[in-house]
file work.pdb (PDB, C-alpha atoms)
ATOM      1  CA  MET Q 278       9.714  16.254 -14.155
ATOM      2  CA  ALA Q 279       8.357  13.124 -12.543
ATOM      3  CA  LEU Q 280      11.024  10.945 -10.987
ATOM      4  CA  LEU Q 281       8.655   7.963 -11.025
ATOM      5  CA  LYS Q 282       5.768   7.760 -13.480
ATOM      6  CA  LEU Q 283       3.326   4.927 -14.020
ATOM      7  CA  GLU Q 284       0.943   5.037 -16.951
ATOM      8  CA  HIS Q 285      -1.922   2.578 -17.327
ATOM      9  CA  VAL Q 286      -0.088  -0.183 -15.491
ATOM     10  CA  GLY Q 287      -1.854  -3.502 -15.331
ATOM     11  CA  LEU Q 288      -0.716  -6.808 -13.897
ATOM     12  CA  SER Q 289      -2.045 -10.297 -14.406
ATOM     13  CA  LEU Q 290      -0.976 -13.602 -12.977
ATOM     14  CA  GLY Q 291      -2.211 -16.905 -14.337
ATOM     15  CA  GLY Q 292      -4.730 -15.054 -16.482
ATOM     16  CA  ALA Q 293      -6.280 -13.245 -13.518
ATOM     17  CA  ALA Q 294      -6.150  -9.433 -13.622
ATOM     18  CA  LEU Q 295      -4.679  -8.245 -10.314
ATOM     19  CA  LEU Q 296      -4.078  -4.574 -11.151
ATOM     20  CA  GLU Q 297      -5.789  -2.510 -13.811
ATOM     21  CA  ASP Q 298      -5.048   0.932 -15.227
ATOM     22  CA  VAL Q 299      -2.842   2.293 -12.421
ATOM     23  CA  SER Q 300      -1.411   5.731 -13.217
ATOM     24  CA  PHE Q 301       0.415   8.209 -10.994
ATOM     25  CA  SER Q 302       3.640  10.162 -10.772
ATOM     26  CA  VAL Q 303       5.987  11.170  -7.974
ATOM     27  CA  GLY Q 304       8.165  14.236  -8.424
ATOM     28  CA  LYS Q 305      11.828  14.472  -7.524
ATOM     29  CA  GLY Q 306      12.204  15.092  -3.783
ATOM     30  CA  ALA Q 307       8.611  14.077  -3.083
ATOM     31  CA  ARG Q 308       7.506  11.228  -0.854
ATOM     32  CA  ALA Q 309       4.676   8.868  -1.576
ATOM     33  CA  GLY Q 310       2.904   6.064   0.196
ATOM     34  CA  LEU Q 311       0.494   3.426  -0.992
ATOM     35  CA  ILE Q 312      -2.385   2.615   1.282
ATOM     36  CA  GLY Q 313      -5.230   0.230   0.840
ATOM     37  CA  ARG Q 314      -6.960  -2.863   2.083
ATOM     38  CA  THR Q 315      -5.229  -6.184   2.404
ATOM     39  CA  GLY Q 316      -5.056  -7.797  -1.020
ATOM     40  CA  ALA Q 317      -5.561  -4.533  -2.923
ATOM     41  CA  GLY Q 318      -2.277  -5.000  -4.816
ATOM     42  CA  LYS Q 319       0.031  -2.536  -3.059
ATOM     43  CA  SER Q 320       2.908  -4.996  -2.698
ATOM     44  CA  LEU Q 321       2.417  -6.258  -6.251
ATOM     45  CA  LEU Q 322       2.609  -2.711  -7.585
ATOM     46  CA  VAL Q 323       5.801  -2.011  -5.648
ATOM     47  CA  SER Q 324       7.229  -5.330  -6.828
ATOM     48  CA  ALA Q 325       6.461  -4.274 -10.407
ATOM     49  CA  ILE Q 326       8.234  -0.945  -9.898
ATOM     50  CA  LEU Q 327      11.263  -2.728  -8.431
ATOM     51  CA  GLY Q 328      11.265  -5.390 -11.144
ATOM     52  CA  LEU Q 329      10.673  -8.179  -8.629
ATOM     53  CA  LEU Q 330       7.595  -9.837 -10.089
ATOM     54  CA  PRO Q 331       7.327 -13.594 -10.497
ATOM     55  CA  ALA Q 332       8.372 -14.814 -13.959
ATOM     56  CA  ARG Q 333       4.799 -15.805 -14.833
ATOM     57  CA  ALA Q 334       3.417 -12.310 -14.121
ATOM     58  CA  ARG Q 335       2.394 -10.201 -17.116
ATOM     59  CA  LEU Q 336       2.889  -6.463 -16.864
ATOM     60  CA  ALA Q 337       1.159  -3.936 -19.133
ATOM     61  CA  GLY Q 338       1.560  -0.174 -19.372
ATOM     62  CA  ALA Q 339       4.634   1.935 -18.751
ATOM     63  CA  ILE Q 340       6.831   2.471 -15.693
ATOM     64  CA  ASN Q 341       9.437   5.216 -16.045
ATOM     65  CA  PHE Q 342      12.110   6.280 -13.597
ATOM     66  CA  ALA Q 343      14.034   9.538 -14.186
ATOM     67  CA  ASP Q 344      12.341   9.955 -17.587
ATOM     68  CA  ALA Q 345      13.492   6.541 -18.848
ATOM     69  CA  PRO Q 346      11.730   3.195 -18.994
ATOM     70  CA  LEU Q 347      12.746   0.791 -16.262
ATOM     71  CA  PRO Q 348      15.477  -1.560 -17.449
ATOM     72  CA  ARG Q 349      14.157  -4.941 -18.579
ATOM     73  CA  ASP Q 350      17.316  -6.902 -17.858
ATOM     74  CA  PRO Q 351      17.987  -8.266 -14.335
ATOM     75  CA  ARG Q 352      21.402  -6.596 -14.094
ATOM     76  CA  GLY Q 353      20.059  -3.153 -15.007
ATOM     77  CA  LEU Q 354      17.220  -3.524 -12.517
ATOM     78  CA  ALA Q 355      19.616  -4.653  -9.791
ATOM     79  CA  GLN Q 356      21.844  -1.619 -10.396
ATOM     80  CA  LEU Q 357      18.844   0.699 -10.219
ATOM     81  CA  ARG Q 358      17.692  -0.900  -6.947
ATOM     82  CA  GLU Q 359      21.185  -0.693  -5.472
ATOM     83  CA  ARG Q 360      21.706   2.960  -6.293
ATOM     84  CA  ARG Q 361      18.506   4.851  -6.922
ATOM     85  CA  ILE Q 362      15.238   3.240  -5.929
ATOM     86  CA  GLY Q 363      13.876   1.250  -3.008
ATOM     87  CA  ALA Q 364      10.826   0.589  -0.918
ATOM     88  CA  VAL Q 365       9.872  -0.119   2.661
ATOM     89  CA  LEU Q 366       7.113  -2.694   2.886
ATOM     90  CA  ALA Q 367       5.291  -2.870   6.196
ATOM     91  CA  ARG Q 368       3.014  -5.469   7.674
ATOM     92  CA  ALA Q 369      -0.112  -3.809   9.030
ATOM     93  CA  GLU Q 370       0.335  -5.366  12.465
ATOM     94  CA  ALA Q 371       3.920  -4.103  12.685
ATOM     95  CA  SER Q 372       3.454  -0.610  11.247
ATOM     96  CA  LEU Q 373       3.228   2.760  12.941
ATOM     97  CA  HIS Q 374      -0.121   4.348  13.712
ATOM     98  CA  PRO Q 375      -0.668   7.501  11.623
ATOM     99  CA  LEU Q 376      -2.419   9.442  14.418
ATOM    100  CA  PHE Q 377       0.492   9.245  16.865
ATOM    101  CA  THR Q 378       4.004  10.634  16.536
ATOM    102  CA  VAL Q 379       6.926   8.274  16.082
ATOM    103  CA  GLY Q 380       8.147   9.456  19.490
ATOM    104  CA  GLN Q 381       4.859   8.537  21.180
ATOM    105  CA  GLN Q 382       4.925   5.084  19.615
ATOM    106  CA  LEU Q 383       8.591   4.540  20.465
ATOM    107  CA  ALA Q 384       7.932   5.577  24.074
ATOM    108  CA  ALA Q 385       5.031   3.127  24.288
ATOM    109  CA  ALA Q 386       7.171   0.317  22.837
ATOM    110  CA  LEU Q 387       9.995   1.045  25.286
ATOM    111  CA  ALA Q 388       7.550   1.080  28.200
ATOM    112  CA  ARG Q 389       5.958  -2.233  27.113
ATOM    113  CA  SER Q 390       9.338  -3.905  26.756
ATOM    114  CA  GLY Q 391      10.666  -2.548  30.047
ATOM    115  CA  THR Q 392      13.648  -1.098  28.178
ATOM    116  CA  PRO Q 393      14.957   2.144  29.624
ATOM    117  CA  GLY Q 394      15.711   4.828  27.091
ATOM    118  CA  ASP Q 395      15.353   8.464  26.237
ATOM    119  CA  VAL Q 396      13.036   8.786  23.257
ATOM    120  CA  ASP Q 397      14.360  12.170  22.064
ATOM    121  CA  THR Q 398      17.971  10.932  22.154
ATOM    122  CA  THR Q 399      17.035   7.728  20.366
ATOM    123  CA  LEU Q 400      15.240   9.662  17.622
ATOM    124  CA  ARG Q 401      18.120  12.124  17.212
ATOM    125  CA  ASP Q 402      20.593   9.225  17.037
ATOM    126  CA  ALA Q 403      18.495   7.849  14.163
ATOM    127  CA  ALA Q 404      18.521  11.295  12.491
ATOM    128  CA  LEU Q 405      14.788  11.739  13.127
ATOM    129  CA  ASP Q 406      13.148  14.918  14.366
ATOM    130  CA  PRO Q 407      11.677  14.278  17.859
ATOM    131  CA  ALA Q 408       8.775  16.593  16.939
ATOM    132  CA  LEU Q 409       7.545  14.101  14.334
TER     133      LEU Q 409
END

call {"tool": "encode", "arguments": {"input": "work.pdb", "output": "structure tokens"}}
result
Amino acid sequence: MALLKLEHVGLSLGGAALLEDVSFSVGKGARAGLIGRTGAGKSLLVSAILGLLPARARLAGAINFADAPLPRDPRGLAQLRERRIGAVLARAEASLHPLFTVGQQLAAALARSGTPGDVDTTLRDAALDPAL
């Protein structure tokens, strides 16, 4: 069973096609990330999944969550976002580098800021594995 399933999703704004024929699924317990160039439509796609598109946007295709279509009404979408679904959007200049561990990047940030701190303890306090 796919927890999140998109089928032939398209998005247009002001008559301009911004996304075309996007299809994928994410299984229960799985993690997924969207990567792509600036302006590729990653944030728009996530906004569509979360039901946060501008009123003038036109969405085509199907987005299902837990084998049911996403609610169309604002209250149903808000309840889904509060309890079951969310996203972390990152600015490229503020994101983590994929070739270094979180610990390495945290240590570098602490060193740059002159802030004393034990990286392993900080990661454990945040419920993160220091090996990652």

call {"tool": "residues_around", "arguments": {"input": "work.pdb", "residues": "stretch 319-325 of chain Q", "least_positions_apart": "4", "cutoff": "12 Å", "atoms": "only C-alpha atoms", "output": "JSON, numbers by chain"}}
result
{"Q": [281, 283, 285, 286, 287, 288, 289, 290, 294, 295, 296, 297, 298, 299, 300, 301, 309, 310, 311, 312, 313, 314, 315, 329, 330, 331, 332, 334, 335, 336, 337, 338, 339, 340, 341, 347, 348, 349, 354, 358, 362, 363, 364, 365, 366, 367, 368]}

call {"tool": "residues_around", "arguments": {"input": "work.pdb", "residues": "Q:Ala403", "least_positions_apart": "5", "cutoff": "12 Å", "atoms": "only C-alpha atoms", "output": "ChimeraX atom specification"}}
result
/Q:379-380,396-398

call {"tool": "axis_aligned_box", "arguments": {"input": "work.pdb", "around": "stretch 289-306 of chain Q", "padding_each_side": "8 Å", "output": "JSON"}}
result
{"center_x": 3.0, "center_y": -0.9, "center_z": -10.1, "size_x": 34.5, "size_y": 48.0, "size_z": 28.7}

call {"tool": "atom_distance", "arguments": {"input": "work.pdb", "atom1": "atom CA of Q:Ala343", "atom2": "atom CA of Q:Leu280"}}
result
4.6 Å

call {"tool": "atom_distance", "arguments": {"input": "work.pdb", "atom1": "atom CA of Q:Pro346", "atom2": "atom CA of Q:Gly292"}}
result
24.7 Å

call {"tool": "closest_residue", "arguments": {"input": "work.pdb", "among": "Q:Val303, Q:Leu400, Q:Ala355, Q:Ala408", "to": "Q:Phe377", "atoms": "all atoms listed in the file"}}
result
Q:Ala408

call {"tool": "atom_distance", "arguments": {"input": "work.pdb", "atom1": "atom CA of Q:Thr399", "atom2": "atom CA of Q:Leu376"}}
result
20.4 Å

call {"tool": "closest_residue", "arguments": {"input": "work.pdb", "among": "Q:His374, Q:Arg360, Q:Lys282, Q:Gly306", "to": "Q:Ile326", "atoms": "all atoms listed in the file"}}
result
Q:Lys282

call {"tool": "closest_residue", "arguments": {"input": "work.pdb", "among": "Q:Asp402, Q:Asp395, Q:Glu284, Q:Asp344", "to": "Q:Lys305", "atoms": "all atoms listed in the file"}}
result
Q:Asp344

call {"tool": "decode", "arguments": {"input": "work.pdb", "residues": "stretch 304-387 of chain Q", "atoms": "C-alpha atoms", "output": "tab-separated table (two decimals), in the first residue's frame"}}
result
chain	number	residue	atom	x	y	z
Q	304	GLY	CA	5.14	3.46	0.96
Q	305	LYS	CA	4.22	3.52	4.63
Q	306	GLY	CA	7.36	3.93	6.74
Q	307	ALA	CA	9.43	5.05	3.76
Q	308	ARG	CA	11.19	8.38	3.41
Q	309	ALA	CA	11.37	10.43	0.26
Q	310	GLY	CA	13.07	13.58	-0.88
Q	311	LEU	CA	12.60	15.77	-3.90
Q	312	ILE	CA	15.71	17.13	-5.51
Q	313	GLY	CA	16.14	19.27	-8.55
Q	314	ARG	CA	17.30	22.57	-9.93
Q	315	THR	CA	15.99	25.87	-8.72
Q	316	GLY	CA	12.62	26.51	-10.34
Q	317	ALA	CA	12.00	22.85	-11.20
Q	318	GLY	CA	8.73	22.83	-9.24
Q	319	LYS	CA	9.69	20.96	-6.07
Q	320	SER	CA	8.07	23.46	-3.71
Q	321	LEU	CA	4.99	23.72	-5.93
Q	322	LEU	CA	4.58	19.94	-5.88
Q	323	VAL	CA	4.87	19.83	-2.09
Q	324	SER	CA	2.43	22.73	-1.83
Q	325	ALA	CA	0.00	20.74	-3.99
Q	326	ILE	CA	0.36	17.69	-1.74
Q	327	LEU	CA	-0.25	19.84	1.35
Q	328	GLY	CA	-3.17	21.68	-0.25
Q	329	LEU	CA	-1.39	25.03	-0.01
Q	330	LEU	CA	-1.55	26.20	-3.61
Q	331	PRO	CA	-2.64	29.70	-4.55
Q	332	ALA	CA	-6.36	29.96	-5.37
Q	333	ARG	CA	-5.63	30.64	-9.05
Q	334	ALA	CA	-3.57	27.45	-9.46
Q	335	ARG	CA	-5.14	24.60	-11.43
Q	336	LEU	CA	-4.30	21.07	-10.36
Q	337	ALA	CA	-4.82	18.01	-12.57
Q	338	GLY	CA	-4.35	14.33	-11.81
Q	339	ALA	CA	-4.79	12.50	-8.53
Q	340	ILE	CA	-3.11	12.83	-5.13
Q	341	ASN	CA	-4.02	10.12	-2.62
Q	342	PHE	CA	-2.96	9.79	0.99
Q	343	ALA	CA	-3.62	6.51	2.86
Q	344	ASP	CA	-5.61	5.18	-0.11
Q	345	ALA	CA	-8.02	8.14	-0.14
Q	346	PRO	CA	-8.08	11.31	-2.22
Q	347	LEU	CA	-6.79	14.37	-0.42
Q	348	PRO	CA	-9.64	16.35	1.12
Q	349	ARG	CA	-10.75	19.28	-1.02
Q	350	ASP	CA	-12.09	21.41	1.82
Q	351	PRO	CA	-9.73	23.67	3.83
Q	352	ARG	CA	-10.76	22.17	7.17
Q	353	GLY	CA	-10.11	18.59	6.05
Q	354	LEU	CA	-6.73	19.58	4.63
Q	355	ALA	CA	-5.81	21.43	7.82
Q	356	GLN	CA	-6.68	18.37	9.92
Q	357	LEU	CA	-4.57	16.15	7.68
Q	358	ARG	CA	-1.62	18.55	7.94
Q	359	GLU	CA	-1.97	18.79	11.71
Q	360	ARG	CA	-2.08	15.06	12.30
Q	361	ARG	CA	-0.66	13.03	9.46
Q	362	ILE	CA	1.37	14.81	6.81
Q	363	GLY	CA	4.04	17.49	6.66
Q	364	ALA	CA	7.11	18.65	4.84
Q	365	VAL	CA	10.44	20.28	5.53
Q	366	LEU	CA	11.34	22.79	2.84
Q	367	ALA	CA	14.98	23.82	2.72
Q	368	ARG	CA	16.72	26.70	1.03
Q	369	ALA	CA	19.74	25.42	-0.88
Q	370	GLU	CA	22.08	27.85	0.86
Q	371	ALA	CA	20.86	26.74	4.29
Q	372	SER	CA	20.66	22.98	3.71
Q	373	LEU	CA	22.99	20.19	4.74
Q	374	HIS	CA	25.60	18.82	2.37
Q	375	PRO	CA	24.81	15.22	1.37
Q	376	LEU	CA	28.46	14.08	1.36
Q	377	PHE	CA	29.11	14.96	5.01
Q	378	THR	CA	27.49	13.57	8.14
Q	379	VAL	CA	25.17	15.76	10.18
Q	380	GLY	CA	27.76	15.55	12.97
Q	381	GLN	CA	30.54	16.85	10.72
Q	382	GLN	CA	28.39	19.76	9.59
Q	383	LEU	CA	27.24	20.55	13.13
Q	384	ALA	CA	30.86	20.51	14.33
Q	385	ALA	CA	31.86	22.90	11.54
Q	386	ALA	CA	28.96	25.24	12.37
Q	387	LEU	CA	29.87	25.23	16.07
